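S.K.: Provided herewith: my_file_17.csv, CSV, C-alpha atoms and all ligand atoms.
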```csv
chain,number,residue,atom,x,y,z
A,1,MET,CA,26.6,7.0,-13.4
A,2,LYS,CA,22.9,7.7,-13.8
A,3,THR,CA,20.7,8.3,-10.8
A,4,VAL,CA,16.9,7.7,-10.7
A,5,TYR,CA,14.9,9.9,-8.3
A,6,SER,CA,11.3,10.9,-7.8
A,7,PRO,CA,10.1,14.0,-5.9
A,8,LEU,CA,7.0,12.0,-4.7
A,9,HIS,CA,9.0,10.6,-1.8
A,10,ALA,CA,8.5,13.9,-0.1
A,11,GLY,CA,4.8,13.3,0.6
A,12,HIS,CA,6.0,10.6,3.1
A,13,ALA,CA,6.6,13.3,5.7
A,14,GLY,CA,5.8,14.2,9.3
A,15,THR,CA,5.9,10.5,10.3
A,16,MET,CA,6.1,9.7,14.0
A,17,GLU,CA,8.0,6.9,15.6
A,18,LEU,CA,8.3,5.4,19.1
A,19,ASN,CA,11.7,5.9,20.5
A,20,SER,CA,12.7,5.2,24.1
A,21,GLY,CA,9.1,5.4,25.3
A,22,GLU,CA,8.3,8.7,23.5
A,23,LEU,CA,6.5,9.3,20.2
A,24,MET,CA,8.8,11.6,18.2
A,25,PRO,CA,9.4,12.8,14.6
A,26,GLY,CA,10.8,9.9,12.5
A,27,PHE,CA,14.5,9.7,11.7
A,28,GLU,CA,13.5,8.5,8.2
A,29,LYS,CA,12.6,12.0,6.8
A,30,PRO,CA,12.4,13.7,3.3
A,31,SER,CA,15.6,15.7,3.8
A,32,ARG,CA,17.6,12.4,3.6
A,33,ALA,CA,16.8,12.0,-0.1
A,34,GLU,CA,17.0,15.7,-0.9
A,35,ILE,CA,20.5,16.0,0.5
A,36,ILE,CA,21.7,12.9,-1.4
A,37,ARG,CA,20.2,14.3,-4.6
A,38,ALA,CA,21.9,17.7,-4.0
A,39,ARG,CA,25.2,15.8,-3.6
A,40,VAL,CA,24.7,13.8,-6.8
A,41,GLU,CA,24.4,17.2,-8.5
A,42,SER,CA,27.3,19.0,-6.8
A,43,GLU,CA,29.6,16.1,-7.4
A,44,LYS,CA,28.5,15.8,-11.0
A,45,LEU,CA,27.9,12.1,-10.6
A,46,GLY,CA,25.8,12.1,-13.8
A,47,PRO,CA,22.2,12.8,-15.0
A,48,ILE,CA,19.2,12.5,-12.7
A,49,LEU,CA,16.3,10.7,-14.4
A,50,ALA,CA,12.6,10.4,-13.4
A,51,PRO,CA,11.3,6.9,-13.0
A,52,GLU,CA,9.2,5.1,-15.6
A,53,PRO,CA,5.7,4.2,-14.5
A,54,HIS,CA,5.3,0.5,-13.4
A,55,ASP,CA,2.3,-1.6,-12.3
A,56,LEU,CA,2.7,-3.7,-9.2
A,57,ALA,CA,3.3,-7.0,-11.0
A,58,ALA,CA,7.0,-7.0,-10.1
A,59,ALA,CA,6.2,-6.3,-6.5
A,60,ARG,CA,3.9,-9.4,-6.4
A,61,ARG,CA,6.8,-11.6,-7.5
A,62,VAL,CA,8.4,-11.2,-4.1
A,63,HIS,CA,5.5,-10.0,-1.9
A,64,ARG,CA,2.3,-11.8,-1.1
A,65,ALA,CA,-0.7,-10.5,-3.2
A,66,ASP,CA,-2.8,-9.7,-0.1
A,67,TYR,CA,0.1,-7.6,1.4
A,68,ILE,CA,0.5,-5.6,-1.8
A,69,ASP,CA,-3.3,-5.1,-1.9
A,70,PHE,CA,-3.2,-3.8,1.7
A,71,LEU,CA,-0.5,-1.1,1.2
A,72,PRO,CA,-2.5,1.4,-0.9
A,73,THR,CA,-5.8,0.9,0.9
A,74,ILE,CA,-4.8,1.2,4.6
A,75,TYR,CA,-4.5,5.0,4.8
A,76,PRO,CA,-7.8,5.7,3.0
A,77,ALA,CA,-9.4,3.3,5.4
A,78,TRP,CA,-7.7,5.1,8.3
A,79,GLU,CA,-9.1,8.4,7.2
A,80,GLU,CA,-12.5,6.9,6.5
A,81,SER,CA,-12.5,5.9,10.2
A,82,GLY,CA,-12.2,9.6,11.1
A,83,ARG,CA,-8.5,9.6,12.0
A,84,SER,CA,-5.5,11.5,10.6
A,85,GLY,CA,-1.7,11.7,11.4
A,86,SER,CA,0.3,8.6,11.4
A,87,ALA,CA,-1.3,5.1,11.1
A,88,ILE,CA,0.8,2.9,13.4
A,89,PRO,CA,0.2,-0.7,14.5
A,90,PHE,CA,0.1,-1.5,18.2
A,91,THR,CA,-0.7,-5.2,18.4
A,92,TRP,CA,0.9,-8.2,16.7
A,93,PRO,CA,0.1,-12.0,16.3
A,94,THR,CA,3.1,-13.2,18.2
A,95,ARG,CA,4.0,-16.9,19.1
A,96,GLY,CA,0.9,-18.7,20.3
A,97,LEU,CA,-1.6,-16.3,18.6
A,98,ARG,CA,-3.3,-16.7,15.2
A,99,GLY,CA,-1.0,-15.2,12.6
A,100,ASP,CA,-2.8,-17.2,9.8
A,101,VAL,CA,-6.2,-15.5,10.1
A,102,ARG,CA,-6.4,-12.2,8.2
A,103,PRO,CA,-8.5,-9.8,10.4
A,104,GLU,CA,-11.0,-7.3,9.1
A,105,THR,CA,-10.3,-4.0,10.7
A,106,ILE,CA,-7.6,-1.4,10.3
A,107,ASP,CA,-5.7,-1.7,13.6
A,108,ALA,CA,-5.6,-5.4,13.3
A,109,LEU,CA,-4.5,-5.3,9.7
A,110,LEU,CA,-1.6,-2.9,10.5
A,111,GLY,CA,-0.3,-5.5,13.1
A,112,PHE,CA,-1.0,-8.5,10.8
A,113,TYR,CA,1.2,-7.0,8.1
A,114,SER,CA,4.1,-5.7,10.2
A,115,PHE,CA,6.8,-6.8,12.7
A,116,ASP,CA,7.2,-3.5,14.5
A,117,ALA,CA,5.7,0.0,14.8
A,118,GLY,CA,8.4,1.5,12.6
A,119,ALA,CA,6.6,1.8,9.3
A,120,PRO,CA,4.0,4.5,9.8
A,121,PHE,CA,1.5,5.7,7.1
A,122,VAL,CA,0.6,9.3,6.4
A,123,LYS,CA,-1.4,10.7,3.5
A,124,GLY,CA,1.5,10.7,1.0
A,125,THR,CA,3.0,7.4,2.1
A,126,TRP,CA,1.6,5.1,-0.5
A,127,ASP,CA,2.6,7.4,-3.4
A,128,ALA,CA,6.1,7.6,-2.0
A,129,ILE,CA,6.3,3.7,-1.7
A,130,LYS,CA,5.1,3.3,-5.3
A,131,SER,CA,7.6,5.9,-6.5
A,132,SER,CA,10.5,4.3,-4.6
A,133,TYR,CA,9.5,1.0,-6.3
A,134,GLU,CA,9.4,2.6,-9.7
A,135,VAL,CA,12.8,4.3,-9.1
A,136,ALA,CA,14.3,0.9,-8.3
A,137,LEU,CA,12.9,-0.8,-11.4
A,138,THR,CA,13.8,2.1,-13.7
A,139,ALA,CA,17.4,2.0,-12.4
A,140,ALA,CA,17.5,-1.8,-12.7
A,141,ALA,CA,16.6,-1.5,-16.4
A,142,LEU,CA,19.5,0.9,-17.1
A,143,VAL,CA,21.9,-1.8,-15.9
A,144,LYS,CA,20.1,-4.5,-17.8
A,145,ASN,CA,20.3,-2.4,-20.9
A,146,GLY,CA,24.1,-2.2,-20.8
A,147,GLU,CA,25.1,0.5,-18.2
A,148,ARG,CA,27.8,-0.9,-15.9
A,149,THR,CA,26.0,0.7,-12.8
A,150,ALA,CA,23.2,2.9,-11.8
A,151,PHE,CA,21.9,4.5,-8.5
A,152,ALA,CA,18.3,4.0,-7.4
A,153,LEU,CA,17.8,6.9,-5.0
A,154,CYS,CA,14.9,5.1,-3.2
A,155,ARG,CA,12.9,6.6,-0.3
A,156,PRO,CA,11.3,5.0,1.6
A,157,PRO,CA,13.9,2.2,1.9
A,158,GLY,CA,13.1,-1.5,1.6
A,159,HIS,CA,15.3,-4.1,3.1
A,160,HIS,CA,13.3,-4.7,6.3
A,161,ALA,CA,10.1,-5.6,4.3
A,162,GLY,CA,9.5,-9.3,3.9
A,163,ASP,CA,7.0,-11.3,1.8
A,164,ALA,CA,4.0,-10.1,3.8
A,165,PHE,CA,5.4,-7.7,6.4
A,166,MET,CA,6.6,-4.1,6.7
A,167,GLY,CA,8.7,-2.5,9.5
A,168,GLY,CA,11.8,-0.5,10.1
A,169,TYR,CA,10.8,2.3,7.7
A,170,CYS,CA,10.3,-0.2,4.9
A,171,TYR,CA,7.2,-1.3,2.9
A,172,ILE,CA,8.1,-2.7,-0.5
A,173,ASN,CA,11.5,-4.4,-0.6
A,174,ASN,CA,13.0,-2.6,-3.6
A,175,ALA,CA,16.3,-4.6,-3.6
A,176,ALA,CA,14.3,-7.9,-3.6
A,177,VAL,CA,12.0,-6.7,-6.3
A,178,VAL,CA,14.8,-5.8,-8.7
A,179,ALA,CA,16.8,-9.0,-7.9
A,180,GLN,CA,13.7,-11.0,-8.8
A,181,TRP,CA,13.1,-8.8,-11.9
A,182,TYR,CA,16.7,-9.6,-13.1
A,183,ARG,CA,15.9,-13.3,-12.7
A,184,ASP,CA,12.7,-12.9,-14.7
A,185,GLN,CA,14.6,-11.0,-17.4
A,186,GLY,CA,17.0,-14.0,-17.8
A,187,ALA,CA,19.7,-13.6,-15.2
A,188,ALA,CA,20.7,-17.1,-13.9
A,189,ARG,CA,22.0,-15.8,-10.6
A,190,VAL,CA,21.8,-12.5,-8.7
A,191,SER,CA,23.7,-11.5,-5.5
A,192,ILE,CA,22.3,-9.0,-3.0
A,193,LEU,CA,25.1,-7.3,-1.0
A,194,ASP,CA,23.5,-5.5,2.0
A,195,VAL,CA,25.9,-3.0,3.7
A,196,ASP,CA,23.3,-1.2,5.7
A,197,TYR,CA,24.1,-1.1,9.5
A,198,HIS,CA,20.9,-3.1,10.2
A,199,HIS,CA,20.4,-6.7,9.2
A,200,GLY,CA,18.2,-6.9,6.0
A,201,ASN,CA,15.7,-9.3,7.7
A,202,GLY,CA,13.1,-8.9,4.9
A,203,THR,CA,15.5,-9.6,2.1
A,204,GLN,CA,16.8,-12.7,4.0
A,205,GLN,CA,13.3,-14.0,4.6
A,206,ILE,CA,12.2,-13.6,1.0
A,207,PHE,CA,15.2,-15.5,-0.5
A,208,TYR,CA,16.0,-17.9,2.4
A,209,ALA,CA,15.0,-21.1,0.6
A,210,ARG,CA,16.4,-20.1,-2.8
A,211,GLY,CA,19.7,-20.8,-4.5
A,212,ASP,CA,19.2,-18.4,-7.4
A,213,VAL,CA,19.6,-15.3,-5.3
A,214,GLN,CA,22.6,-15.1,-3.0
A,215,VAL,CA,22.1,-12.8,0.0
A,216,LEU,CA,25.1,-11.4,1.9
A,217,ASN,CA,24.5,-9.2,4.9
A,218,LEU,CA,27.0,-7.0,6.9
A,219,HIS,CA,25.4,-5.6,10.0
A,220,ALA,CA,25.3,-5.0,13.8
A,221,ASP,CA,24.9,-8.2,15.9
A,222,PRO,CA,21.1,-8.8,16.3
A,223,MET,CA,21.7,-10.0,19.8
A,224,VAL,CA,22.1,-6.3,20.7
A,225,GLU,CA,20.7,-4.3,17.8
A,226,TYR,CA,17.6,-3.9,15.8
A,227,PRO,CA,15.9,-5.8,14.1
A,228,PHE,CA,17.0,-8.3,16.8
A,229,PHE,CA,15.2,-11.5,15.7
A,230,LEU,CA,17.1,-12.5,12.6
A,231,GLY,CA,20.6,-12.0,11.2
A,232,HIS,CA,22.8,-14.5,13.2
A,233,ALA,CA,25.9,-16.1,11.7
A,234,ASP,CA,24.3,-19.6,11.8
A,235,GLU,CA,21.5,-18.6,9.4
A,236,LYS,CA,22.9,-20.0,6.1
A,237,GLY,CA,19.7,-20.7,4.1
A,238,GLU,CA,17.5,-23.8,3.9
A,239,GLY,CA,16.6,-26.4,1.3
A,240,ALA,CA,17.7,-25.2,-2.2
A,241,GLY,CA,18.9,-22.0,-0.4
A,242,GLU,CA,21.4,-23.8,1.9
A,243,GLY,CA,24.7,-22.0,1.7
A,244,PHE,CA,23.3,-19.0,-0.2
A,245,ASN,CA,22.6,-16.7,2.8
A,246,LEU,CA,25.6,-15.3,4.6
A,247,ASN,CA,25.5,-13.1,7.7
A,248,TYR,CA,28.4,-11.0,9.1
A,249,PRO,CA,27.1,-9.8,12.5
A,250,MET,CA,29.6,-7.3,14.1
A,251,PRO,CA,29.8,-5.7,17.6
A,252,PHE,CA,29.0,-2.1,18.6
A,253,GLY,CA,32.0,0.1,18.0
A,254,THR,CA,33.1,-1.7,14.8
A,255,THR,CA,35.6,0.3,12.8
A,256,PHE,CA,36.4,0.2,9.1
A,257,GLU,CA,39.4,-2.1,9.8
A,258,THR,CA,37.0,-4.9,11.0
A,259,TRP,CA,34.1,-4.0,8.7
A,260,SER,CA,36.2,-3.9,5.5
A,261,ALA,CA,37.6,-7.3,6.3
A,262,ALA,CA,34.1,-8.6,6.4
A,263,LEU,CA,33.3,-6.9,3.2
A,264,ASP,CA,36.4,-8.5,1.6
A,265,ASP,CA,35.3,-11.9,2.8
A,266,ALA,CA,31.7,-11.3,1.5
A,267,CYS,CA,33.1,-10.1,-1.9
A,268,GLY,CA,35.1,-13.4,-2.1
A,269,LYS,CA,32.0,-15.4,-1.6
A,270,LEU,CA,30.1,-13.3,-4.1
A,271,ALA,CA,32.8,-13.7,-6.7
A,272,ALA,CA,32.8,-17.4,-6.2
A,273,TYR,CA,29.0,-17.5,-6.8
A,274,ALA,CA,29.6,-15.6,-10.1
A,275,PRO,CA,26.3,-13.8,-10.4
A,276,ASP,CA,25.1,-12.0,-13.6
A,277,VAL,CA,24.4,-8.9,-11.6
A,278,VAL,CA,24.9,-7.4,-8.1
A,279,VAL,CA,22.3,-5.5,-6.2
A,280,VAL,CA,23.8,-3.4,-3.4
A,281,SER,CA,21.5,-2.5,-0.5
A,282,LEU,CA,23.3,0.8,0.2
A,283,GLY,CA,22.8,2.0,3.8
A,284,VAL,CA,25.2,4.5,5.2
A,285,ASP,CA,24.0,4.2,8.8
A,286,THR,CA,27.4,2.5,9.6
A,287,PHE,CA,28.7,6.1,9.9
A,288,GLU,CA,30.3,7.1,13.2
A,289,LYS,CA,27.9,10.0,13.7
A,290,ASP,CA,24.7,8.2,12.8
A,291,PRO,CA,22.1,9.1,15.4
A,292,ILE,CA,20.6,5.6,15.8
A,293,SER,CA,23.7,3.4,15.1
A,294,GLN,CA,26.8,2.2,16.8
A,295,PHE,CA,29.5,1.6,14.1
A,296,LYS,CA,32.5,3.9,13.6
A,297,LEU,CA,33.0,4.3,9.9
A,298,LYS,CA,34.3,7.7,8.7
A,299,CYS,CA,33.5,9.7,5.6
A,300,ALA,CA,36.8,8.7,4.0
A,301,ASP,CA,35.8,5.0,4.3
A,302,TYR,CA,32.8,5.2,1.9
A,303,PRO,CA,34.7,5.6,-1.4
A,304,ALA,CA,36.8,2.6,-0.4
A,305,ILE,CA,33.6,0.5,-0.1
A,306,GLY,CA,32.7,1.5,-3.6
A,307,CYS,CA,36.2,0.8,-4.9
A,308,ARG,CA,36.0,-2.8,-3.3
A,309,ILE,CA,32.7,-3.5,-4.9
A,310,ALA,CA,33.9,-2.2,-8.3
A,311,LYS,CA,36.8,-4.7,-8.1
A,312,LEU,CA,34.2,-7.5,-8.6
A,313,GLY,CA,33.9,-6.3,-12.2
A,314,LEU,CA,30.2,-7.1,-12.3
A,315,PRO,CA,27.2,-5.1,-13.4
A,316,THR,CA,26.1,-3.4,-10.2
A,317,LEU,CA,22.9,-1.6,-9.1
A,318,PHE,CA,23.0,0.5,-6.0
A,319,VAL,CA,19.6,0.8,-4.1
A,320,MET,CA,19.4,3.3,-1.3
A,321,GLU,CA,18.5,2.0,2.1
A,322,GLY,CA,19.3,3.7,5.5
A,323,GLY,CA,21.5,6.5,6.9
A,324,TYR,CA,20.2,9.1,9.3
A,325,ALA,CA,23.1,11.5,9.8
A,326,VAL,CA,21.6,13.9,7.4
A,327,ASP,CA,24.5,16.4,7.4
A,328,GLU,CA,26.8,13.7,5.9
A,329,ILE,CA,24.4,11.4,4.2
A,330,GLY,CA,25.1,12.9,0.8
A,331,VAL,CA,28.8,12.8,1.2
A,332,ASN,CA,28.8,9.2,2.4
A,333,ALA,CA,26.2,7.8,-0.1
A,334,VAL,CA,27.7,9.6,-3.1
A,335,GLY,CA,31.2,8.7,-1.7
A,336,VAL,CA,30.5,5.0,-2.3
A,337,LEU,CA,29.3,5.8,-5.9
A,338,THR,CA,32.3,7.9,-6.8
A,339,GLY,CA,34.6,5.3,-5.2
A,340,PHE,CA,33.0,2.7,-7.5
A,341,GLU,CA,33.6,4.8,-10.6
A,342,GLU,CA,37.2,5.7,-10.0
B,401,LIG,N1,12.6,3.9,17.2
B,401,LIG,C1,16.8,1.2,8.0
B,401,LIG,O1,17.9,1.6,8.2
B,401,LIG,N2,15.0,1.8,15.0
B,401,LIG,N3,15.9,1.0,9.0
B,401,LIG,C2,14.1,1.6,16.0
B,401,LIG,C3,13.2,2.8,17.9
B,401,LIG,C4,14.6,1.3,13.7
B,401,LIG,C5,16.3,1.2,10.4
B,401,LIG,C6,14.5,2.4,17.2
B,401,LIG,C7,15.6,1.4,12.7
B,401,LIG,C8,15.2,1.0,11.3
B,401,LIG,C9,16.3,1.0,6.6
B,402,ZN,ZN,19.7,0.7,8.6
```
Please express the file's structure as structure tokens.
M.R.:
Amino acid sequence: MKTVYSPLHAGHAGTMELNSGELMPGFEKPSRAEIIRARVESEKLGPILAPEPHDLAAARRVHRADYIDFLPTIYPAWEESGRSGSAIPFTWPTRGLRGDVRPETIDALLGFYSFDAGAPFVKGTWDAIKSSYEVALTAAALVKNGERTAFALCRPPGHHAGDAFMGGYCYINNAAVVAQWYRDQGAARVSILDVDYHHGNGTQQIFYARGDVQVLNLHADPMVEYPFFLGHADEKGEGAGEGFNLNYPMPFGTTFETWSAALDDACGKLAAYAPDVVVVSLGVDTFEKDPISQFKLKCADYPAIGCRIAKLGLPTLFVMEGGYAVDEIGVNAVGVLTGFEE
């Protein structure tokens, strides 16, 4: 299978994040994508292509225009105000405050367009976000043009980004963008299968009231795990989307036995929906040694995930999301892909 990759992700580097009361180097770092790319090469998965340039029209199909306008302008404004390093929000319009009035200054805008402090901006962040978006769209076009599958090696990831919010290392929701792009290219139905350890709260929010994009999420129970405030089993969609959002929250310590049973159930629901194309939000932070996660999947389990998804017999685009155990991130991510191809 072909992989699409851009070196521009590497400018999104030296980010800082708040962890247990301390500001520390971010877990979402450039080596993640570099190690996956090296594994794609060493496993001879297939050619690695550069992304085609794209304007932001496809991003505006799933994100609010004012949010897309904010993303490229915030860091220049931050520097203009005499600051450097990571631009990070520290205040949010929570319940009872005015979340409907767009403020005018940098710190307020950062909070207005986010749900947490986990999507920092440094100098190269916007170029990385844009390249990640172009990687996703370029890989999406490969599958549209007849390839059975393709791998969008996106960095930064996307599934926590909603219509007008960033967070959890995510800015533009690459999987949502390509799902909508397939609809706009004529697909009647699209399924998004999110296997990242964390609930894809942004993806759910974007498609919650729609029946033309089915969203299936396997993740750690939001009662005890980030992103906490969405992803419960009773969230099934609303209006025209009723029945087209499916959540599989699982407890800490979940092993592949339990996790793969959930995947099997989700694949059954997906097959019944009979989409024209499947977009997999591919996170490998379900791994037993992931530094920020609490599931117990082993390296040998990842090819089995790819194999189960391949059994659906549908055109399938893989979009990279999370995974923070950098030593094994290449083995696990590429393991899913080789498992799919066997
Ligand atoms: N620093 C993805 O896997 N963890 N995002 C917060 C405190 C945030 C994960 C812990 C995890 C975000 C794409
Ligand atoms: Zn994750």
S.K.: With all atoms listed in the file as the atoms that count, which of A:Tyr208, A:Tyr75, A:Phe229, A:Tyr197 lies nearest to ligand LIG 401 (chain B)?
M.R.: A:Tyr197
S.K.: Residues at most 7 Å from A:Ile172, counting all atoms listed in the file, excluding those fewer than 3 positions away in the same chain, as a list of chain:residue names?
M.R.: A:Ile129, A:Gly158, A:Ala161
S.K.: Identify which of the residues A:Arg61, A:His12, A:Arg308, A:Lys123 lies closest to A:Gly85, counting all atoms listed in the file when measuring atom-to-atom distances.
M.R.: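 Among the listed residues, the smallest separation from A:Gly85 belongs to A:Lys123.
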S.K.: Select from chain A every residue with an atom at most 7 Å from any atom of ligand ZN 402 (chain B), then for each give the shortest pair of atoms and their distance in Å to one decimal, using all atoms listed in the file, rows by chain and rising number, as CSV.
M.R.:
```
residue,atom,partner,partner_atom,distance
A:Asp196,CA,B:ZN402,ZN,5.0
A:Tyr197,CA,B:ZN402,ZN,4.8
A:His198,CA,B:ZN402,ZN,4.3
A:Gly283,CA,B:ZN402,ZN,5.9
A:Asp285,CA,B:ZN402,ZN,5.5
A:Glu321,CA,B:ZN402,ZN,6.7
A:Gly322,CA,B:ZN402,ZN,4.3
A:Gly323,CA,B:ZN402,ZN,6.3
```
S.K.: Taking only C-alpha atoms and all ligand atoms into account, which residues are within 10 Å of ligand LIG 401 (chain B), as JSON, numbers by chain?
M.R.: {"A": [16, 17, 18, 19, 20, 21, 22, 23, 24, 25, 26, 27, 28, 116, 117, 118, 119, 155, 156, 157, 158, 159, 160, 161, 167, 168, 169, 170, 196, 197, 198, 199, 200, 225, 226, 227, 281, 282, 283, 284, 285, 286, 292, 293, 320, 321, 322, 323, 324]}
S.K.: Under the rule that only C-alpha atoms are counted, which of A:Ala233, A:Ala152, A:Val334, A:Ala33 is the nearest residue to A:Pro51?
M.R.: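 Among A:Ala233, A:Ala152, A:Val334, A:Ala33, it is A:Ala152 that comes nearest to A:Pro51.
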S.K.: I'd like the neighbourhood of A:Arg183 as a PyMOL selection string, where a residue qualifies if any of its atoms comes within 9 Å (using only C-alpha atoms), though same-chain residues fewer than 6 positions away should be ignored.
M.R.: chain A and resi 189-190+212-213
S.K.: Go through A:Gly162, A:Gly96, A:Pro47, A:Gly243 and flag the residue nearest A:Tyr67, using only C-alpha atoms for the distances.
M.R.: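 Closest to A:Tyr67, using only C-alpha atoms: A:Gly162.
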S.K.: I'd like the neighbourhood of A:Tyr113 as a count of residues only, where a residue qualifies if any of its atoms comes within 9 Å (using only C-alpha atoms), though same-chain residues fewer than 2 positions away should be ignored.
M.R.: 12
S.K.: Identify, on the basis of only C-alpha atoms, every residue whose closest approach to A:Glu342 does not exceed 9 Å; exclude the query and any residue fewer than 3 positions from it along the same chain; express the result as a ChimeraX atom specification.
M.R.: /A:303,306-307,310,337-339
S.K.: Looking at A:Arg39, A:Lys29, A:His232, A:Arg148, which one is nearest to A:Met1, with distances taken over only C-alpha atoms?
M.R.: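 Using only C-alpha atoms, the shortest distance to A:Met1 belongs to A:Arg148.
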S.K.: Grab the atom CA of A:Pro93 to atom CA of A:Asp66 distance for me, in Å with one decimal place.
M.R.: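 Interatomic distance here is 16.8 Å.
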S.K.: For stretch 287-290 of chain A, find every residue with an atom within 8 Å (counting all atoms listed in the file), except residues of its own chain fewer than 4 positions away, and show them as number ranges by chain.
M.R.: A: 294-299, 323-325
S.K.: I'd like the interatomic distance between atom CA of A:Gly313 and atom CA of A:Gln205, to a tenth of an Å.
M.R.: 27.7 Å
S.K.: If you measure from atom CA of A:Gly253 to atom CA of A:Val336, what distance in Å do you get, rounded to one decimal?
M.R.: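 Answer for the atom CA of A:Gly253 to atom CA of A:Val336 separation: 20.9 Å.
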S.K.: Can you work out which one of A:Ala128, A:Ala333, A:Ala266, A:Ala77 has the shortest atom-to-atom distance to A:Tyr302, counting only C-alpha atoms?
M.R.: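 Under the stated criterion, the closest residue is A:Ala333.
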S.K.: Generate the coordinates of N, CA and C atoms for stretch 67-83 of chain A; report them as an mmCIF file, in the coordinates of the input.
M.R.:
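This went into rebuild39.cif:
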```cif
data_model
loop_
_atom_site.group_PDB
_atom_site.id
_atom_site.type_symbol
_atom_site.label_atom_id
_atom_site.label_comp_id
_atom_site.auth_asym_id
_atom_site.auth_seq_id
_atom_site.Cartn_x
_atom_site.Cartn_y
_atom_site.Cartn_z
ATOM 1 N N TYR A 67 -0.743 -8.717 0.783
ATOM 2 C CA TYR A 67 0.100 -7.600 1.400
ATOM 3 C C TYR A 67 0.146 -6.438 0.441
ATOM 4 N N ILE A 68 0.398 -6.704 -0.837
ATOM 5 C CA ILE A 68 0.500 -5.600 -1.800
ATOM 6 C C ILE A 68 -0.901 -4.932 -1.957
ATOM 7 N N ASP A 69 -1.978 -5.694 -1.826
ATOM 8 C CA ASP A 69 -3.300 -5.100 -1.900
ATOM 9 C C ASP A 69 -3.584 -4.208 -0.643
ATOM 10 N N PHE A 70 -3.011 -4.592 0.488
ATOM 11 C CA PHE A 70 -3.200 -3.800 1.700
ATOM 12 C C PHE A 70 -2.538 -2.463 1.707
ATOM 13 N N LEU A 71 -1.337 -2.385 1.122
ATOM 14 C CA LEU A 71 -0.500 -1.100 1.200
ATOM 15 C C LEU A 71 -1.252 0.114 0.748
ATOM 16 N N PRO A 72 -1.849 0.141 -0.464
ATOM 17 C CA PRO A 72 -2.500 1.400 -0.900
ATOM 18 C C PRO A 72 -3.826 1.676 -0.227
ATOM 19 N N THR A 73 -4.420 0.687 0.404
ATOM 20 C CA THR A 73 -5.800 0.900 0.900
ATOM 21 C C THR A 73 -5.832 1.252 2.400
ATOM 22 N N ILE A 74 -4.718 1.064 3.115
ATOM 23 C CA ILE A 74 -4.800 1.200 4.600
ATOM 24 C C ILE A 74 -5.019 2.689 4.988
ATOM 25 N N TYR A 75 -4.328 3.624 4.324
ATOM 26 C CA TYR A 75 -4.500 5.000 4.800
ATOM 27 C C TYR A 75 -5.872 5.588 4.441
ATOM 28 N N PRO A 76 -6.392 5.334 3.224
ATOM 29 C CA PRO A 76 -7.800 5.700 3.000
ATOM 30 C C PRO A 76 -8.759 5.158 3.996
ATOM 31 N N ALA A 77 -8.559 3.909 4.395
ATOM 32 C CA ALA A 77 -9.400 3.300 5.400
ATOM 33 C C ALA A 77 -9.271 3.986 6.768
ATOM 34 N N TRP A 78 -8.047 4.351 7.079
ATOM 35 C CA TRP A 78 -7.700 5.100 8.300
ATOM 36 C C TRP A 78 -8.467 6.414 8.373
ATOM 37 N N GLU A 79 -8.401 7.143 7.236
ATOM 38 C CA GLU A 79 -9.100 8.400 7.200
ATOM 39 C C GLU A 79 -10.604 8.248 7.211
ATOM 40 N N GLU A 80 -11.080 7.221 6.524
ATOM 41 C CA GLU A 80 -12.500 6.900 6.500
ATOM 42 C C GLU A 80 -13.037 6.671 7.934
ATOM 43 N N SER A 81 -12.154 6.152 8.796
ATOM 44 C CA SER A 81 -12.500 5.900 10.200
ATOM 45 C C SER A 81 -12.429 7.149 11.047
ATOM 46 N N GLY A 82 -12.171 8.288 10.403
ATOM 47 C CA GLY A 82 -12.200 9.600 11.100
ATOM 48 C C GLY A 82 -10.857 9.949 11.742
ATOM 49 N N ARG A 83 -9.772 9.253 11.360
ATOM 50 C CA ARG A 83 -8.500 9.600 12.000
ATOM 51 C C ARG A 83 -7.539 10.250 10.956
#
```
